[in-house]
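Input: a single structure, listed below in structure tokens.
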There are 2 protein chains.
Amino acid sequence: MAKAVNICEVGPRDGLQMAQGRMATDTKLRWIAQLAAAGLKEIEVGSFVSPRMIPQMADTGDVVRGALAIEGLTVCALACNLKGAIAAHEAGAHVLAIPISVSDTHSHANVNKGTEAQVEMVRSIVDWVRAQPRPMRIDAATATAFGCSMEGGVPLDRVARVAAALAAIGVDRIALADTVGYAHPALVRDTVRAVQDAIGDRLHKLHLHDTMGLGLANALAGLNEGIRDFDACLAGLGGCPFAPGASGNVVTEDLVFMLESMGFPTGIDLQQLVGVRTLLAQSLPGETLRGGVAMAGIPQTFQPQAA
Amino acid sequence: MAKAVNICEVGPRDGLQMAQGRMATDTKLRWIAQLAAAGLKEIEVGSFVSPRMIPQMADTGDVVRGALAIEGLTVCALACNLKGAIAAHEAGAHVLAIPISVSDTHSHANVNKGTEAQVEMVRSIVDWVRAQPRPMRIDAATATAFGCSMEGGVPLDRVARVAAALAAIGVDRIALADTVGYAHPALVRDTVRAVQDAIGDRLHKLHLHDTMGLGLANALAGLNEGIRDFDACLAGLGGCPFAPGASGNVVTEDLVFMLESMGFPTGIDLQQLVGVRTLLAQSLPGETLRGGVAMAGIPQTFQPQAA
């Protein structure tokens with residue numbers, strides 16, 4: 001089985017969305033350029049959502065256009081509806097990420113629509129994008145795939161059914177997202193297997209949070225099932241909207257340390273990646289920067305893999 | 001394979017050893033009693049070392065004697081030489097834990113003796129203990145088993161050889177300790193297998209630190225190899241003497257959450273365990289209390305196992 005692992009850095013979107021205060025567009029672009037220079041090949045640079053809802057994302061069009069100038073970088077942007085998808089396409093994003101809650105209750109609370117209606121919304125996006133002369137990859141992320149803070153447990157067959165519906169309408173890739181941080185390794189294993197049974201390798205990525213301290217254990221469980229794509233956030237930005245002060249996304253630096261140590265090349269220079277935290281410390285002084293490797297220093301035993 | 005997992009809480013020893021300030025003996029005993037009431041069946045309550053070196057441990061004899069009054073609790077104490085072992089036995093400890101550095105350099109730096117001389121020191125302890133009318137279990141922990149901040153990588157066959165030597169002189173159980181936090185899941189798997197090949201189920205426990213954020217991922221790797229005993233610290237106390245500010249031991253609450261969620265009963269009441277942090281917050285105001293579950297709250301999907 002292939003060993004190379006691709007990490008999509010979601011800090012400029014998921015991390016910043018939870019952060020206090022705004023970050024200037026040129027600072028975002030310096031951050032993204034530094035991440036790319038450290039070896040990140042895919043970055044979710046922002047979201048096309050209402051600037052009234054998430055003012056930090058008001059400049060996403062400019063950020064996408066700026067990021068497109070970075071050679072070799074796959075530029076992703078998130079959108080929650082057709083209007084946002086059109087804006088992402090017009091800005092030139094290579095990849096559109098669309099979140100869909102598997103939990104009906106969470107879906108209604110977030111977008112005032114149930115999961116089935118959301119799948120139909122994705123269909124309208126797929127149809128529109130496929131009719132354009134410029135192609136754009138469409139990734140769907142099944143939010144609350146490992147449980148929901150409102151609904152509780154989410155049945156495996158429901159996750160598999162939603163994934164199958166998204167695959168059937170022509171989404172390119174599907175990710176499973178632990179939106180509220182309830183996942184544990186056995187659940188990751190079981191859910192990945194159920195969804196692989198339903199849609200094969202169309203399931204490509206895990207989006208994990210470190211809410212309960214299990215982020216990397218869950219990543220390991222996914223890795224053991226053949227997952228080779230992970231979202232992560234430099235310094236573990238991201239938090240949890242339901243638990244103020246709780247940890248955010250899986251820490252990119254620690255994930256890279258684990259993967260490279262285990263013989264999975266990521267193409268990322270760990271030392272250089274840790275250095276990018278300086279920009280965050282300066283530009284987001286109110287945020288807690290997390291991460292074991294950055295705090296303790298890279299062990300002298302660390303042996304990076306050839307990319 | 002058996003599913004029940006035993007967690008040995010090492011906070012009163014490993015956690016307190018790194019903490020600033022002293023904790024009063026009766027506070028230690030309230031802490032230990034609360035841990036036992038939450039379901040911890042084994043607690044390392046202190047160490048018999050020079051009070052000049054570690055003043056926090058000066059009252060270990062009283063703590064052992066007090067803890068012995070708790071019904072059903074296995075009381076462990078650490079010692080680094082025969083004098084300490086005799087003191088542990090005289091105080092009535094059920095279990096003696098002896099750390100031995102697999103790294104010669106680390107061993108010399110810590111106790112001014114190499115690993116081989118330390119194995120001979122353990123032999124003198126085993127011989128003395130076995131000659132006493134009251135039995136005392138002897139656990140050896142191979143420190144720096146996953147790498148050393150001074151020596152770098154430690155060859156697997158060296159770890160296996162030291163474990164075999166300890167088994168041969170009659171130590172009851174052997175643990176592998178990630179003293180400096182360099183372990184990663186593949187190394188845990190390989191080391192556990194190498195040591196199991198050498199000494200079978202005499203290898204019983206992993207002592208893991210969360211220095212690089214990999215504590216629970218490493219525990220998962222050990223669990224997958226059949227390990228059913230883990231050390232942990234409430235609130236992740238412990239730190240790393242080589243990296244000020246770095247994370248300490250694996251967080252007991254998060255480990256319990258992971259294990260119980262995965263179907264491994266620990267006999268511990270998670271809610272009650274989280275409640276013990278209140279005592280730590282009051283009595284160790286200078287310490288950072290870590291832990292995802294405590295910060296974010298126990299997920300409503302959590303289903304504890306029948307013990």
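Letters A, B, ... mark the chains of the structure tokens in the order given; residue numbers begin at 1 per chain; ligand numbers begin at 1, in order shown.
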
(request) Tell me the residues of chain A close to chain B, meaning within 6 Å using only C-alpha atoms, as a PyMOL selection string. (result) chain A and resi 152-153+186+211-213+216-217+243+246+262+292-293+295-296+301

(message) Please list as number ranges by chain every residue within 12 Å of Leu96 of chain A, counting only C-alpha atoms and excluding residues in the same chain fewer than 2 positions away.
(response) A: 42-48, 64, 74-82, 84-94, 98-99, 122, 125-126, 129, 135-141, 171-174

Only N, CA and C atoms, please: the residues just picked out, written as a short mmCIF file (atom, residue, chain, number, x, y, z; two decimals), in the first residue's frame.
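To be explicit, this is the file written out as part.cif:
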data_model
loop_
_atom_site.label_atom_id
_atom_site.label_comp_id
_atom_site.auth_asym_id
_atom_site.auth_seq_id
_atom_site.Cartn_x
_atom_site.Cartn_y
_atom_site.Cartn_z
N GLU A 42 -1.36 21.33 -0.36
CA GLU A 42 -2.79 21.60 -0.44
C GLU A 42 -3.18 22.43 0.77
N ILE A 43 -3.82 23.56 0.55
CA ILE A 43 -4.21 24.45 1.65
C ILE A 43 -5.63 24.93 1.42
N GLU A 44 -6.45 24.81 2.46
CA GLU A 44 -7.80 25.37 2.42
C GLU A 44 -7.66 26.81 2.87
N VAL A 45 -7.78 27.74 1.95
CA VAL A 45 -7.36 29.11 2.22
C VAL A 45 -8.47 30.01 2.77
N GLY A 46 -9.72 29.53 2.69
CA GLY A 46 -10.80 30.36 3.20
C GLY A 46 -12.15 29.77 2.81
N SER A 47 -13.21 30.50 3.16
CA SER A 47 -14.54 30.02 2.80
C SER A 47 -15.36 31.15 2.20
N PHE A 48 -16.19 30.79 1.23
CA PHE A 48 -17.10 31.75 0.62
C PHE A 48 -18.44 31.66 1.33
N VAL A 64 -7.76 33.57 -2.35
CA VAL A 64 -7.66 32.52 -3.38
C VAL A 64 -6.81 33.02 -4.54
N THR A 74 -2.13 23.39 -4.47
CA THR A 74 -3.55 23.16 -4.72
C THR A 74 -4.34 24.03 -3.76
N VAL A 75 -5.11 24.94 -4.33
CA VAL A 75 -5.84 25.94 -3.54
C VAL A 75 -7.29 25.50 -3.34
N CYS A 76 -7.66 25.26 -2.08
CA CYS A 76 -9.03 24.83 -1.77
C CYS A 76 -9.78 25.98 -1.12
N ALA A 77 -11.07 26.00 -1.37
CA ALA A 77 -11.94 26.96 -0.68
C ALA A 77 -13.23 26.24 -0.31
N LEU A 78 -13.80 26.66 0.80
CA LEU A 78 -15.03 26.03 1.28
C LEU A 78 -16.23 26.88 0.87
N ALA A 79 -17.33 26.20 0.57
CA ALA A 79 -18.60 26.90 0.35
C ALA A 79 -19.73 26.01 0.83
N CYS A 80 -20.81 26.65 1.25
CA CYS A 80 -21.94 25.90 1.82
C CYS A 80 -23.16 25.91 0.92
N ASN A 81 -23.06 26.61 -0.23
CA ASN A 81 -24.22 26.66 -1.14
C ASN A 81 -23.73 27.03 -2.55
N LEU A 82 -24.67 27.05 -3.51
CA LEU A 82 -24.30 27.29 -4.91
C LEU A 82 -23.69 28.67 -5.10
N GLY A 84 -21.86 30.37 -3.02
CA GLY A 84 -20.46 30.29 -2.60
C GLY A 84 -19.62 29.49 -3.57
N ALA A 85 -20.20 28.42 -4.12
CA ALA A 85 -19.46 27.59 -5.08
C ALA A 85 -19.13 28.38 -6.34
N ILE A 86 -20.09 29.19 -6.78
CA ILE A 86 -19.85 30.02 -7.97
C ILE A 86 -18.73 31.03 -7.68
N ALA A 87 -18.77 31.62 -6.49
CA ALA A 87 -17.73 32.58 -6.11
C ALA A 87 -16.37 31.89 -6.06
N ALA A 88 -16.32 30.66 -5.54
CA ALA A 88 -15.05 29.92 -5.48
C ALA A 88 -14.53 29.64 -6.88
N HIS A 89 -15.44 29.26 -7.78
CA HIS A 89 -15.03 28.96 -9.15
C HIS A 89 -14.56 30.22 -9.85
N GLU A 90 -15.29 31.31 -9.64
CA GLU A 90 -14.89 32.58 -10.28
C GLU A 90 -13.53 33.05 -9.79
N ALA A 91 -13.25 32.80 -8.50
CA ALA A 91 -11.95 33.22 -7.96
C ALA A 91 -10.83 32.32 -8.47
N GLY A 92 -11.18 31.13 -8.96
CA GLY A 92 -10.17 30.26 -9.55
C GLY A 92 -9.72 29.11 -8.66
N ALA A 93 -10.46 28.83 -7.57
CA ALA A 93 -10.06 27.74 -6.67
C ALA A 93 -9.92 26.43 -7.45
N HIS A 94 -8.88 25.65 -7.06
CA HIS A 94 -8.71 24.34 -7.68
C HIS A 94 -9.69 23.32 -7.12
N ILE A 98 -17.16 21.14 0.41
CA ILE A 98 -18.54 21.40 0.84
C ILE A 98 -18.84 20.54 2.06
N PRO A 99 -19.16 21.18 3.18
CA PRO A 99 -19.54 20.39 4.36
C PRO A 99 -21.03 20.04 4.34
N VAL A 122 -25.91 19.94 -2.92
CA VAL A 122 -24.62 19.56 -3.50
C VAL A 122 -24.80 19.17 -4.97
N ILE A 125 -24.71 22.09 -7.10
CA ILE A 125 -23.34 22.59 -7.26
C ILE A 125 -22.58 21.74 -8.28
N VAL A 126 -22.69 20.40 -8.13
CA VAL A 126 -21.98 19.51 -9.06
C VAL A 126 -22.44 19.81 -10.49
N VAL A 129 -20.97 23.17 -11.65
CA VAL A 129 -19.51 23.13 -11.86
C VAL A 129 -19.17 22.34 -13.11
N PRO A 135 -12.51 23.13 -15.10
CA PRO A 135 -12.87 22.13 -14.09
C PRO A 135 -12.49 22.58 -12.68
N MET A 136 -13.19 22.08 -11.69
CA MET A 136 -12.87 22.35 -10.28
C MET A 136 -13.21 21.06 -9.52
N ARG A 137 -12.24 20.55 -8.78
CA ARG A 137 -12.48 19.32 -8.01
C ARG A 137 -13.51 19.62 -6.92
N ILE A 138 -14.40 18.68 -6.67
CA ILE A 138 -15.42 18.89 -5.65
C ILE A 138 -15.25 17.84 -4.55
N ASP A 139 -14.88 18.33 -3.38
CA ASP A 139 -14.75 17.46 -2.20
C ASP A 139 -15.91 17.73 -1.26
N ALA A 140 -16.58 16.68 -0.81
CA ALA A 140 -17.61 16.86 0.22
C ALA A 140 -17.08 16.30 1.52
N ALA A 141 -17.36 17.01 2.61
CA ALA A 141 -16.97 16.53 3.93
C ALA A 141 -18.23 16.23 4.72
N VAL A 171 -19.77 13.77 -6.75
CA VAL A 171 -18.71 14.44 -5.99
C VAL A 171 -17.41 13.67 -6.21
N ASP A 172 -16.29 14.39 -6.36
CA ASP A 172 -15.02 13.71 -6.67
C ASP A 172 -14.49 12.92 -5.48
N ARG A 173 -14.47 13.54 -4.31
CA ARG A 173 -13.87 12.90 -3.14
C ARG A 173 -14.72 13.20 -1.92
N ILE A 174 -14.67 12.29 -0.97
CA ILE A 174 -15.46 12.46 0.24
C ILE A 174 -14.58 12.30 1.47
#

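Considering only segment 131-291 of chain B, backbone DSSP assigns strand (DSSP E or B) to B:Arg137, B:Ile138, B:Asp139, B:Ala140, B:Ala141, B:Thr142, B:Ala143, B:Ala145, B:Gly147, B:Cys148, B:Gly152, B:Arg173, B:Ile174, B:Ala175, B:Leu176, B:Ala177, B:Leu203, B:His204, B:Lys205, B:Leu206, B:His207, B:His209, B:Asp229, B:Phe230, B:Asp231, B:Ala232, B:Cys233, B:Asn249, B:Val251.
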
(message) Can you measure atom CA of Glu287 of chain B to atom CA of Gly267 of chain B for me? One decimal in Å is fine.
(response)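 Distance between the two atoms: 27.5 Å.
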
Would you list the contacts of Phe264 of chain B as a short mmCIF file (atom, residue, chain, number, x, y, z; two decimals) with C-alpha atoms, in the first residue's frame, taking every protein, DNA or RNA residue within 9 Å and counting only C-alpha atoms, but skipping same-chain residues closer than 5 positions in sequence?
data_model
loop_
_atom_site.label_atom_id
_atom_site.label_comp_id
_atom_site.auth_asym_id
_atom_site.auth_seq_id
_atom_site.Cartn_x
_atom_site.Cartn_y
_atom_site.Cartn_z
CA ALA B 2 -8.56 -10.13 27.54
CA LYS B 3 -10.17 -6.73 27.27
CA ALA B 4 -9.79 -5.39 30.80
CA VAL B 5 -7.12 -2.71 31.10
CA VAL B 256 -9.89 6.15 30.20
CA MET B 258 -10.34 6.20 24.78
CA LEU B 259 -10.19 2.75 26.33
CA GLN B 305 -17.97 -0.51 29.95
CA ALA B 307 -16.01 -3.47 34.83
#

(message) Considering only C-alpha atoms, can you say which of A:Arg161, A:Glu71, A:Pro12, A:Thr252 comes closest to Ala37 of chain A?
(response) A:Glu71

(message) If we count only C-alpha atoms and set the cut-off at 7 Å, which residues sit around Asp269 of chain B, ignoring sequence neighbours fewer than 4 positions away in its own chain? Please answer as a list in words.
(response)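 In the requested form, the answer reads Ala38, Gly39 and Leu273 of chain B.
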
(request) Would you please give, as a PyMOL selection string, all residues of segment 52-274 of chain A that DSSP assigns to alpha helix (DSSP H) based on the backbone? (result) chain A and resi 60-67+82-91+104-111+115-130+156-168+185-199+215-224+252-261+270-274
